[in-house]
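K.L.:
Structure file data-v5.cif (mmCIF, C-alpha atoms) right here:
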```cif
data_protein
loop_
_atom_site.group_PDB
_atom_site.id
_atom_site.type_symbol
_atom_site.label_atom_id
_atom_site.label_comp_id
_atom_site.auth_asym_id
_atom_site.auth_seq_id
_atom_site.Cartn_x
_atom_site.Cartn_y
_atom_site.Cartn_z
ATOM 1 C CA MET A 1 76.341 40.074 -6.430
ATOM 2 C CA SER A 2 73.074 39.209 -4.744
ATOM 3 C CA ALA A 3 70.521 41.820 -3.659
ATOM 4 C CA SER A 4 71.420 41.362 0.015
ATOM 5 C CA GLU A 5 75.148 41.698 -0.766
ATOM 6 C CA ALA A 6 74.462 44.855 -2.767
ATOM 7 C CA LEU A 7 72.485 46.370 0.101
ATOM 8 C CA SER A 8 75.319 45.703 2.537
ATOM 9 C CA HIS A 9 78.005 47.076 0.214
ATOM 10 C CA PRO A 10 80.074 49.836 1.922
ATOM 11 C CA TRP A 11 79.273 52.386 -0.791
ATOM 12 C CA LEU A 12 75.520 51.963 -0.331
ATOM 13 C CA SER A 13 75.830 51.870 3.462
ATOM 14 C CA MET A 14 77.794 55.116 3.349
ATOM 15 C CA HIS A 15 74.899 56.804 1.529
ATOM 16 C CA THR A 16 72.180 55.410 3.776
ATOM 17 C CA THR A 17 70.963 57.666 6.552
ATOM 18 C CA ARG A 18 71.127 56.230 10.051
ATOM 19 C CA ASP A 19 69.501 59.064 11.941
ATOM 20 C CA ASN A 20 66.609 58.283 14.222
ATOM 21 C CA LEU A 21 63.154 59.485 13.219
ATOM 22 C CA PRO A 22 62.192 63.143 13.684
ATOM 23 C CA MET A 23 60.469 63.904 16.993
ATOM 24 C CA ARG A 24 56.969 64.268 15.570
ATOM 25 C CA GLN A 25 57.238 61.042 13.586
ATOM 26 C CA SER A 26 58.593 59.215 16.653
ATOM 27 C CA ILE A 27 55.648 60.390 18.751
ATOM 28 C CA GLU A 28 53.117 59.352 16.096
ATOM 29 C CA LEU A 29 54.779 55.976 15.602
ATOM 30 C CA TRP A 30 54.996 55.280 19.318
ATOM 31 C CA GLY A 31 51.344 56.240 19.738
ATOM 32 C CA ALA A 32 50.320 53.854 16.964
ATOM 33 C CA LEU A 33 52.368 50.966 18.352
ATOM 34 C CA ARG A 34 51.021 51.510 21.877
ATOM 35 C CA GLY A 35 47.507 51.694 20.474
ATOM 36 C CA PHE A 36 47.976 48.388 18.662
ATOM 37 C CA ALA A 37 49.394 46.796 21.805
ATOM 38 C CA GLY A 38 46.225 47.830 23.669
ATOM 39 C CA THR A 39 43.797 46.246 21.206
ATOM 40 C CA SER A 40 41.999 42.966 21.827
ATOM 41 C CA PRO A 41 43.289 39.707 20.308
ATOM 42 C CA LEU A 42 40.464 39.799 17.741
ATOM 43 C CA GLN A 43 41.309 43.373 16.765
ATOM 44 C CA LYS A 44 44.972 42.442 16.328
ATOM 45 C CA LEU A 45 43.938 39.575 14.082
ATOM 46 C CA VAL A 46 41.620 41.815 12.027
ATOM 47 C CA LEU A 47 44.350 44.444 11.611
ATOM 48 C CA THR A 48 46.923 41.823 10.602
ATOM 49 C CA VAL A 49 44.676 40.278 7.943
ATOM 50 C CA ALA A 50 43.623 43.758 6.772
ATOM 51 C CA ALA A 51 47.294 44.730 6.403
ATOM 52 C CA PHE A 52 47.918 41.592 4.349
ATOM 53 C CA HIS A 53 45.182 42.652 1.915
ATOM 54 C CA LEU A 54 46.359 46.232 1.379
ATOM 55 C CA THR A 55 47.403 47.203 -2.118
ATOM 56 C CA PRO A 56 51.053 48.272 -2.600
ATOM 57 C CA LEU A 57 49.828 51.862 -2.973
ATOM 58 C CA GLN A 58 47.909 51.720 0.324
ATOM 59 C CA ALA A 59 50.789 50.108 2.196
ATOM 60 C CA GLY A 60 53.432 52.341 0.598
ATOM 61 C CA PRO A 61 53.855 54.974 3.354
ATOM 62 C CA ASN A 62 53.938 52.312 6.074
ATOM 63 C CA LYS A 63 56.503 50.287 4.120
ATOM 64 C CA GLU A 64 58.647 53.384 3.643
ATOM 65 C CA LEU A 65 58.594 54.003 7.402
ATOM 66 C CA PHE A 66 59.446 50.333 7.985
ATOM 67 C CA ASN A 67 62.462 50.651 5.675
ATOM 68 C CA GLN A 68 63.650 53.738 7.562
ATOM 69 C CA ILE A 69 63.744 51.724 10.780
ATOM 70 C CA ASP A 70 65.150 48.536 9.226
ATOM 71 C CA MET A 71 68.670 49.933 9.040
ATOM 72 C CA ASP A 72 70.468 46.714 8.168
ATOM 73 C CA ARG A 73 67.930 45.871 5.439
ATOM 74 C CA SER A 74 67.243 42.492 7.025
ATOM 75 C CA GLY A 75 63.547 42.672 6.195
ATOM 76 C CA THR A 76 62.622 42.785 9.883
ATOM 77 C CA ILE A 77 62.805 45.256 12.760
ATOM 78 C CA SER A 78 64.610 44.190 15.922
ATOM 79 C CA LEU A 79 64.081 45.607 19.382
ATOM 80 C CA SER A 80 67.316 47.575 19.023
ATOM 81 C CA ASP A 81 66.172 48.936 15.634
ATOM 82 C CA LEU A 82 62.952 50.207 17.173
ATOM 83 C CA SER A 83 64.733 51.639 20.201
ATOM 84 C CA ARG A 84 67.247 53.471 18.027
ATOM 85 C CA ALA A 85 64.528 54.876 15.774
ATOM 86 C CA ILE A 86 62.306 56.343 18.450
ATOM 87 C CA ARG A 87 64.347 56.643 21.630
ATOM 88 C CA ASP A 88 68.007 57.388 21.120
ATOM 89 C CA LYS A 89 67.604 61.169 20.887
ATOM 90 C CA ASN A 90 64.005 61.450 22.038
ATOM 91 C CA VAL A 91 64.036 59.339 25.194
ATOM 92 C CA SER A 92 63.414 62.192 27.616
ATOM 93 C CA ALA A 93 60.580 63.686 25.559
ATOM 94 C CA LEU A 94 58.854 60.366 24.894
ATOM 95 C CA ASN A 95 59.566 59.016 28.384
ATOM 96 C CA ILE A 96 59.696 55.378 27.272
ATOM 97 C CA ASP A 97 61.271 52.961 29.707
ATOM 98 C CA ASP A 98 62.765 49.590 28.773
ATOM 99 C CA ALA A 99 59.876 47.579 30.231
ATOM 100 C CA GLU A 100 57.251 49.427 28.185
ATOM 101 C CA LEU A 101 59.351 49.240 25.035
ATOM 102 C CA HIS A 102 59.699 45.463 25.462
ATOM 103 C CA SER A 103 55.984 45.066 26.161
ATOM 104 C CA VAL A 104 54.876 47.002 23.089
ATOM 105 C CA PHE A 105 57.483 45.306 20.876
ATOM 106 C CA ASN A 106 56.273 41.870 21.978
ATOM 107 C CA ALA A 107 52.636 42.835 21.328
ATOM 108 C CA VAL A 108 53.459 43.884 17.757
ATOM 109 C CA ASP A 109 55.581 40.753 17.234
ATOM 110 C CA VAL A 110 52.476 38.600 16.717
ATOM 111 C CA SER A 111 54.500 35.768 15.141
ATOM 112 C CA ARG A 112 56.792 35.630 18.184
ATOM 113 C CA SER A 113 59.931 35.617 16.106
ATOM 114 C CA SER A 114 61.683 38.280 18.240
ATOM 115 C CA GLN A 115 61.515 40.450 15.124
ATOM 116 C CA ILE A 116 58.726 42.599 13.660
ATOM 117 C CA ASN A 117 58.046 41.716 10.045
ATOM 118 C CA LEU A 118 56.525 44.039 7.447
ATOM 119 C CA THR A 119 52.952 42.740 7.763
ATOM 120 C CA GLU A 120 53.050 43.083 11.553
ATOM 121 C CA PHE A 121 54.416 46.607 11.267
ATOM 122 C CA VAL A 122 51.837 47.664 8.690
ATOM 123 C CA ALA A 123 49.069 46.199 10.881
ATOM 124 C CA ALA A 124 50.326 48.101 13.927
ATOM 125 C CA THR A 125 50.644 51.379 12.024
ATOM 126 C CA LEU A 126 47.566 51.012 9.840
ATOM 127 C CA LEU A 127 45.731 53.946 11.374
ATOM 128 C CA LEU A 128 48.695 56.298 10.826
ATOM 129 C CA GLN A 129 47.619 56.539 7.201
ATOM 130 C CA PRO A 130 44.307 57.927 5.915
ATOM 131 C CA ILE A 131 43.264 54.514 4.578
ATOM 132 C CA GLN A 132 39.541 54.000 4.325
ATOM 133 C CA LEU A 133 38.757 50.327 4.786
ATOM 134 C CA ASP A 134 35.130 49.963 3.781
ATOM 135 C CA GLU A 135 32.891 46.999 4.485
ATOM 136 C CA THR A 136 34.021 45.330 1.258
ATOM 137 C CA HIS A 137 37.558 45.206 2.624
ATOM 138 C CA ILE A 138 36.395 43.959 6.013
ATOM 139 C CA ARG A 139 34.317 41.289 4.262
ATOM 140 C CA ARG A 140 37.533 40.189 2.533
ATOM 141 C CA VAL A 141 39.201 39.957 5.943
ATOM 142 C CA PHE A 142 36.330 37.837 7.243
ATOM 143 C CA ASN A 143 36.325 35.556 4.205
ATOM 144 C CA THR A 144 40.062 34.997 4.624
ATOM 145 C CA LEU A 145 39.479 33.854 8.197
ATOM 146 C CA ASP A 146 36.357 31.848 7.296
ATOM 147 C CA THR A 147 38.295 28.937 5.834
ATOM 148 C CA ILE A 148 35.291 26.603 6.076
ATOM 149 C CA GLY A 149 32.924 29.043 4.374
ATOM 150 C CA ASP A 150 30.024 28.683 6.804
ATOM 151 C CA GLU A 151 29.892 32.343 7.904
ATOM 152 C CA ARG A 152 31.213 31.392 11.337
ATOM 153 C CA LEU A 153 34.719 31.769 12.683
ATOM 154 C CA THR A 154 35.422 28.959 15.093
ATOM 155 C CA ALA A 155 38.582 28.069 16.964
ATOM 156 C CA THR A 156 39.234 25.358 14.384
ATOM 157 C CA SER A 157 38.924 27.636 11.354
ATOM 158 C CA ILE A 158 41.059 30.382 12.902
ATOM 159 C CA LYS A 159 43.667 27.901 14.095
ATOM 160 C CA SER A 160 43.972 26.455 10.591
ATOM 161 C CA LEU A 161 44.876 29.910 9.293
ATOM 162 C CA VAL A 162 47.068 31.429 11.990
ATOM 163 C CA GLY A 163 48.904 28.188 12.732
ATOM 164 C CA ILE A 164 51.677 28.379 15.293
ATOM 165 C CA ASP A 165 51.227 32.088 15.951
ATOM 166 C CA TYR A 166 48.488 31.259 18.472
ATOM 167 C CA ASP A 167 48.044 28.241 20.696
ATOM 168 C CA ASP A 168 44.646 26.594 21.256
ATOM 169 C CA GLU A 169 43.950 28.443 24.494
ATOM 170 C CA GLU A 170 44.710 31.819 22.926
ATOM 171 C CA VAL A 171 42.373 31.145 20.001
ATOM 172 C CA ASP A 172 39.615 30.127 22.428
ATOM 173 C CA LEU A 173 40.164 33.332 24.410
ATOM 174 C CA LEU A 174 40.167 35.350 21.201
ATOM 175 C CA ILE A 175 36.676 34.080 20.416
ATOM 176 C CA THR A 176 35.164 34.138 23.904
ATOM 177 C CA GLY A 177 36.588 37.588 24.501
ATOM 178 C CA ALA A 178 34.522 38.888 21.580
ATOM 179 C CA ASP A 179 31.458 36.646 21.678
ATOM 180 C CA GLN A 180 30.026 34.090 24.090
ATOM 181 C CA ASP A 181 28.453 31.860 21.396
ATOM 182 C CA GLY A 182 31.671 29.987 20.717
ATOM 183 C CA TYR A 183 32.078 31.441 17.233
ATOM 184 C CA LEU A 184 32.372 34.816 15.526
ATOM 185 C CA THR A 185 30.140 36.195 12.796
ATOM 186 C CA TYR A 186 30.872 38.861 10.209
ATOM 187 C CA ASP A 187 29.075 41.383 12.420
ATOM 188 C CA ASP A 188 31.477 40.579 15.284
ATOM 189 C CA VAL A 189 34.468 41.236 13.040
ATOM 190 C CA LEU A 190 32.906 44.413 11.642
ATOM 191 C CA HIS A 191 32.199 45.621 15.180
ATOM 192 C CA ALA A 192 35.826 44.963 16.160
ATOM 193 C CA TRP A 193 37.013 46.998 13.166
ATOM 194 C CA ARG A 194 34.680 49.888 13.907
ATOM 195 C CA CYS A 195 35.977 50.047 17.457
ATOM 196 C CA ILE A 196 39.526 50.250 16.097
ATOM 197 C CA SER A 197 38.744 52.861 13.446
ATOM 198 C CA LEU A 198 36.875 55.005 15.962
ATOM 199 C CA GLN A 199 39.703 54.413 18.469
ATOM 200 C CA SER A 200 37.181 53.593 21.170
ATOM 201 C CA ARG A 201 36.935 50.742 23.640
ATOM 202 C CA CYS A 202 33.786 48.760 22.949
#
```
Would you write out, as structure tokens, the structure that this file holds?
P.N.:
Amino acid sequence: MSASEALSHPWLSMHTTRDNLPMRQSIELWGALRGFAGTSPLQKLVLTVAAFHLTPLQAGPNKELFNQIDMDRSGTISLSDLSRAIRDKNVSALNIDDAELHSVFNAVDVSRSSQINLTEFVAATLLLQPIQLDETHIRRVFNTLDTIGDERLTATSIKSLVGIDYDDEEVDLLITGADQDGYLTYDDVLHAWRCISLQSRC
């Protein structure tokens, strides 16, 4: 029996909870997802790369929450999974309509796969956990994006990393939206992170 077959076995399914999240957790999760949806393209990219570099211990609580929502153990969260987790019993209290749910889901689905994968979810919920990302971690994020190694993030270097997740125009807008020089420096990335961590628009 494979791992996926074992996870879908009736005995295991019978012992797996399918309740939606508690009210408080739903409100916190929805707030985090909406916050991520409202960030700039550069901030989304920084959060995604930062999430990729988290240790298993740092990402543990976010992964556990992801697994609670991923009811069918597919390794991704669908729109219906997310709706069931935060809306089914809490819809009146959270006041989330279908249009907003779709909009936020699509913003978190950076890879445009119509599913939210673990890295995307961890990126979107990063600030739910008391994780202190110091400048060493942000430098690691920058170095990951700086594929050429010239201390400048250009459309070409970012495109070579993110691939099909962004088209050329979106990468250009990502850069010009943060800096008018046509490239991003470490200070630009650090500034974007500080704005996220302080939860301020700057």
K.L.:
List as a ChimeraX atom specification the protein and nucleic acid residues near Ala50 (chain A), meaning an atom at most 12 Å away when all atoms listed in the file are counted, but skip any in the same chain fewer than 6 places from it.
P.N.:
/A:43-44,58-59,119-120,122-127,131-145,189-190,193
K.L.:
Keeping only C-alpha atoms, take the residues you just selected and write them out as a PDB file, keeping the file's coordinate frame.
P.N.:
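Result saved to out.pdb:
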```pdb
ATOM      1  CA  GLN A  43      41.309  43.373  16.765  1.00  0.00           C
ATOM      2  CA  LYS A  44      44.972  42.442  16.328  1.00  0.00           C
ATOM      3  CA  GLN A  58      47.909  51.720   0.324  1.00  0.00           C
ATOM      4  CA  ALA A  59      50.789  50.108   2.196  1.00  0.00           C
ATOM      5  CA  THR A 119      52.952  42.740   7.763  1.00  0.00           C
ATOM      6  CA  GLU A 120      53.050  43.083  11.553  1.00  0.00           C
ATOM      7  CA  VAL A 122      51.837  47.664   8.690  1.00  0.00           C
ATOM      8  CA  ALA A 123      49.069  46.199  10.881  1.00  0.00           C
ATOM      9  CA  ALA A 124      50.326  48.101  13.927  1.00  0.00           C
ATOM     10  CA  THR A 125      50.644  51.379  12.024  1.00  0.00           C
ATOM     11  CA  LEU A 126      47.566  51.012   9.840  1.00  0.00           C
ATOM     12  CA  LEU A 127      45.731  53.946  11.374  1.00  0.00           C
ATOM     13  CA  ILE A 131      43.264  54.514   4.578  1.00  0.00           C
ATOM     14  CA  GLN A 132      39.541  54.000   4.325  1.00  0.00           C
ATOM     15  CA  LEU A 133      38.757  50.327   4.786  1.00  0.00           C
ATOM     16  CA  ASP A 134      35.130  49.963   3.781  1.00  0.00           C
ATOM     17  CA  GLU A 135      32.891  46.999   4.485  1.00  0.00           C
ATOM     18  CA  THR A 136      34.021  45.330   1.258  1.00  0.00           C
ATOM     19  CA  HIS A 137      37.558  45.206   2.624  1.00  0.00           C
ATOM     20  CA  ILE A 138      36.395  43.959   6.013  1.00  0.00           C
ATOM     21  CA  ARG A 139      34.317  41.289   4.262  1.00  0.00           C
ATOM     22  CA  ARG A 140      37.533  40.189   2.533  1.00  0.00           C
ATOM     23  CA  VAL A 141      39.201  39.957   5.943  1.00  0.00           C
ATOM     24  CA  PHE A 142      36.330  37.837   7.243  1.00  0.00           C
ATOM     25  CA  ASN A 143      36.325  35.556   4.205  1.00  0.00           C
ATOM     26  CA  THR A 144      40.062  34.997   4.624  1.00  0.00           C
ATOM     27  CA  LEU A 145      39.479  33.854   8.197  1.00  0.00           C
ATOM     28  CA  VAL A 189      34.468  41.236  13.040  1.00  0.00           C
ATOM     29  CA  LEU A 190      32.906  44.413  11.642  1.00  0.00           C
ATOM     30  CA  TRP A 193      37.013  46.998  13.166  1.00  0.00           C
TER      31      TRP A 193
END
```
K.L.:
Got a sec: who's within 8 Å of region 170-181 of chain A, counting only C-alpha atoms, leaving out chain neighbours fewer than 3 positions off, as a PyMOL selection string?
P.N.:
chain A and resi 40-42+154-155+158-159+166-167+184+188
K.L.:
In Å, how far is it from CA of Thr39 (chain A) to CA of Leu57 (chain A)?
P.N.:
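Separation between CA of Thr39 (chain A) and CA of Leu57 (chain A): 25.5 Å.
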K.L.:
Any chance you could resolve the PyMOL selection byres ((chain A and resi 67-76) around 7) against this file and give the residues as a PyMOL selection string?
P.N.:
chain A and resi 18+63-66+77-78+81-82+85+115-118
K.L.:
In Å to one decimal, how far is CA of Phe121 (chain A) from CA of Ala51 (chain A)?
P.N.:
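A separation of 8.8 Å between them.
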K.L.:
Name the residues in contact with Leu128 (chain A) at a cut-off of 10 Å, using only C-alpha atoms, excluding same-chain residues fewer than 6 positions from it; report them as a list in words.
P.N.:
Glu28, Leu29, Gly31, Ala32, Leu33, Pro61, Asn62 and Val122 of chain A
K.L.:
Between CA of Arg34 (chain A) and CA of Thr55 (chain A), what is the distance in Å, rounded to a tenth?
P.N.:
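CA of Arg34 (chain A) sits 24.6 Å away from CA of Thr55 (chain A).
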